[in-house]
file target_25.cif (mmCIF, C-alpha atoms)
data_data
loop_
_atom_site.group_PDB
_atom_site.id
_atom_site.type_symbol
_atom_site.label_atom_id
_atom_site.label_comp_id
_atom_site.auth_asym_id
_atom_site.auth_seq_id
_atom_site.Cartn_x
_atom_site.Cartn_y
_atom_site.Cartn_z
ATOM 1 C CA MET D 1 170.533 103.598 68.880
ATOM 2 C CA THR D 2 169.198 102.068 72.073
ATOM 3 C CA HIS D 3 168.703 103.713 75.437
ATOM 4 C CA SER D 4 167.562 102.519 78.825
ATOM 5 C CA ALA D 5 164.087 103.435 80.037
ATOM 6 C CA ARG D 6 163.847 103.400 83.815
ATOM 7 C CA LEU D 7 160.842 103.181 86.089
ATOM 8 C CA ALA D 8 161.494 104.097 89.718
ATOM 9 C CA ASN D 9 159.428 104.778 92.787
ATOM 10 C CA THR D 10 160.137 108.071 94.519
ATOM 11 C CA TYR D 11 160.507 108.834 98.206
ATOM 12 C CA PHE D 12 156.895 110.042 98.086
ATOM 13 C CA GLY D 13 155.580 106.695 96.860
ATOM 14 C CA GLU D 14 154.908 107.881 93.317
ATOM 15 C CA TRP D 15 156.403 106.481 90.111
ATOM 16 C CA GLU D 16 158.616 108.157 87.532
ATOM 17 C CA LEU D 17 159.496 106.891 84.050
ATOM 18 C CA TYR D 18 162.530 108.381 82.325
ATOM 19 C CA VAL D 19 164.825 107.572 79.402
ATOM 20 C CA VAL D 20 168.585 107.730 79.925
ATOM 21 C CA THR D 21 170.017 109.467 76.862
ATOM 22 C CA ASP D 22 173.509 110.565 75.875
ATOM 23 C CA SER D 23 172.968 113.969 77.461
ATOM 24 C CA PRO D 24 175.179 114.475 80.523
ATOM 25 C CA ASP D 25 172.466 116.718 82.011
ATOM 26 C CA VAL D 26 169.804 114.603 83.729
ATOM 27 C CA ALA D 27 167.352 117.488 83.293
ATOM 28 C CA ASP D 28 167.473 116.849 79.515
ATOM 29 C CA TRP D 29 166.320 113.235 79.815
ATOM 30 C CA PRO D 30 162.702 112.650 78.699
ATOM 31 C CA ALA D 31 160.628 111.926 81.793
ATOM 32 C CA HIS D 32 157.093 111.506 83.092
ATOM 33 C CA GLU D 33 155.882 111.432 86.696
ATOM 34 C CA PHE D 34 152.804 109.386 87.513
ATOM 35 C CA LYS D 35 151.321 111.798 90.069
ATOM 36 C CA ASP D 36 149.034 110.584 92.829
ATOM 37 C CA SER D 37 149.747 106.946 92.059
ATOM 38 C CA ALA D 38 151.240 104.777 94.759
ATOM 39 C CA ALA D 39 150.279 101.657 92.795
ATOM 40 C CA ILE D 40 152.759 100.441 90.224
ATOM 41 C CA THR D 41 151.934 101.437 86.679
ATOM 42 C CA THR D 42 150.640 98.814 84.297
ATOM 43 C CA LEU D 43 152.584 97.594 81.294
ATOM 44 C CA ALA D 44 150.093 99.353 79.001
ATOM 45 C CA GLU D 45 150.556 102.652 80.893
ATOM 46 C CA ARG D 46 154.337 102.370 80.609
ATOM 47 C CA ILE D 47 154.241 101.631 76.861
ATOM 48 C CA LYS D 48 151.802 104.516 76.267
ATOM 49 C CA THR D 49 154.016 106.874 78.268
ATOM 50 C CA LEU D 50 157.136 105.766 76.388
ATOM 51 C CA ALA D 51 155.323 106.477 73.107
ATOM 52 C CA ALA D 52 154.382 109.957 74.352
ATOM 53 C CA LEU D 53 158.082 110.519 75.135
ATOM 54 C CA GLY D 54 158.982 109.373 71.599
ATOM 55 C CA TYR D 55 160.322 105.887 72.370
ATOM 56 C CA GLU D 56 159.350 102.250 71.879
ATOM 57 C CA PRO D 57 160.659 98.990 73.353
ATOM 58 C CA VAL D 58 163.403 97.195 71.444
ATOM 59 C CA PRO D 59 161.898 93.954 70.053
ATOM 60 C CA GLY D 60 162.262 91.169 72.609
ATOM 61 C CA ALA D 61 163.148 93.524 75.474
ATOM 62 C CA GLU D 62 161.614 92.812 78.871
ATOM 63 C CA TRP D 63 161.441 94.893 82.042
ATOM 64 C CA GLU D 64 164.166 93.896 84.511
ATOM 65 C CA TRP D 65 163.462 94.698 88.165
ATOM 66 C CA GLN D 66 165.822 95.478 91.043
ATOM 67 C CA GLU D 67 165.253 96.213 94.715
ATOM 68 C CA LEU D 68 167.603 98.816 96.157
ATOM 69 C CA ALA D 69 167.817 99.340 99.906
ATOM 70 C CA ASN D 70 168.073 103.093 100.306
ATOM 71 C CA GLY D 71 168.295 103.255 104.097
ATOM 72 C CA VAL D 72 165.630 105.950 104.450
ATOM 73 C CA MET D 73 163.222 104.658 107.078
ATOM 74 C CA ASP D 74 164.218 101.110 106.077
ATOM 75 C CA SER D 75 162.364 101.445 102.788
ATOM 76 C CA VAL D 76 163.175 99.727 99.527
ATOM 77 C CA GLU D 77 163.406 101.530 96.227
ATOM 78 C CA LEU D 78 162.238 99.627 93.156
ATOM 79 C CA LEU D 79 163.897 100.209 89.816
ATOM 80 C CA ALA D 80 162.968 98.638 86.497
ATOM 81 C CA ALA D 81 164.836 98.995 83.220
ATOM 82 C CA LEU D 82 163.881 98.309 79.611
ATOM 83 C CA ASP D 83 165.886 98.752 76.419
ATOM 84 C CA VAL D 84 164.169 101.268 74.142
ATOM 85 C CA ARG D 85 164.836 103.090 70.876
ATOM 86 C CA PRO D 86 163.429 106.236 69.294
ATOM 87 C CA ALA D 87 159.948 105.477 67.950
ATOM 88 C CA GLY D 88 159.735 104.612 64.286
ATOM 89 C CA THR D 89 163.387 103.626 63.854
ATOM 90 C CA GLY D 90 162.758 99.947 63.152
ATOM 91 C CA ASP D 91 160.143 97.258 62.900
ATOM 92 C CA ALA D 92 157.174 97.573 65.242
ATOM 93 C CA ALA D 93 157.895 96.211 68.717
#
call {"tool": "encode", "arguments": {"input": "target_25.cif", "output": "structure tokens"}}
result
Amino acid sequence: MTHSARLANTYFGEWELYVVTDSPDVADWPAHEFKDSAAITTLAERIKTLAALGYEPVPGAEWEWQELANGVMDSVELLAALDVRPAGTGDAA
């Protein structure tokens, strides 16, 4: 079963990585906040964080980026998505 991992910048300039699961309650989604980090996380940091959350990239998956105008002080929100699966459910990614 695949899910979508999302990386988004917050209104405070920090980054959050979360996995969209089948749970209708967003509070149940596995998540990690990169505190005190205005710089975008590296690929290695994202993969390590996904592993800590119990997920791994689907083989061949790549991060897809979007810019979303949110209207707050004319800022732009960045959102990246990657297809993931529970760790250990297939061949190594």
call {"tool": "closest_residue", "arguments": {"input": "target_25.cif", "among": "D:Gly54, D:Glu62, D:Glu77, D:Ala69", "to": "Gly13 of chain D", "atoms": "only C-alpha atoms"}}
result
D:Glu77
call {"tool": "residues_around", "arguments": {"input": "target_25.cif", "residues": "Ile47 of chain D", "least_positions_apart": "6", "cutoff": "9 Å", "atoms": "all atoms listed in the file", "output": "mmCIF file with C-alpha atoms, in the coordinates of the input"}}
result
data_model
loop_
_atom_site.group_PDB
_atom_site.id
_atom_site.type_symbol
_atom_site.label_atom_id
_atom_site.label_comp_id
_atom_site.auth_asym_id
_atom_site.auth_seq_id
_atom_site.Cartn_x
_atom_site.Cartn_y
_atom_site.Cartn_z
ATOM 1 C CA TYR D 55 160.322 105.887 72.370
ATOM 2 C CA GLU D 56 159.350 102.250 71.879
ATOM 3 C CA PRO D 57 160.659 98.990 73.353
#
call {"tool": "residues_around", "arguments": {"input": "target_25.cif", "residues": "segment 29-42 of chain D", "least_positions_apart": "5", "cutoff": "6 Å", "atoms": "all atoms listed in the file", "output": "compact mmCIF listing (two decimals) with C-alpha atoms, keeping the file's coordinate frame"}}
result
# COMPACT_ATOMS: atom_id res chain seq x y z
CA GLY D 13 155.58 106.70 96.86
CA GLU D 14 154.91 107.88 93.32
CA TRP D 15 156.40 106.48 90.11
CA GLU D 16 158.62 108.16 87.53
CA LEU D 17 159.50 106.89 84.05
CA TYR D 18 162.53 108.38 82.32
CA VAL D 19 164.82 107.57 79.40
CA VAL D 20 168.58 107.73 79.92
call {"tool": "closest_residue", "arguments": {"input": "target_25.cif", "among": "D:Leu43, D:Leu79, D:Ala27, D:Leu53", "to": "Arg6 of chain D", "atoms": "only C-alpha atoms"}}
result
D:Leu79
call {"tool": "closest_residue", "arguments": {"input": "target_25.cif", "among": "D:Thr89, D:Thr49, D:Gln66, D:Thr2", "to": "Asp22 of chain D", "atoms": "all atoms listed in the file"}}
result
D:Thr2
call {"tool": "atom_distance", "arguments": {"input": "target_25.cif", "atom1": "atom CA of Leu50 of chain D", "atom2": "atom CA of Gly90 of chain D"}}
result
15.5 Å
call {"tool": "resolve_selection", "arguments": {"input": "target_25.cif", "expression": "the PyMOL selection byres ((chain D and resi 64) around 7)", "output": "list of chain:residue names"}}
result
D:Glu62, D:Trp63, D:Trp65, D:Gln66, D:Ala80, D:Ala81, D:Leu82
call {"tool": "closest_residue", "arguments": {"input": "target_25.cif", "among": "D:Val84, D:Met1, D:Val26, D:Ala44", "to": "Gly60 of chain D", "atoms": "all atoms listed in the file"}}
result
D:Val84
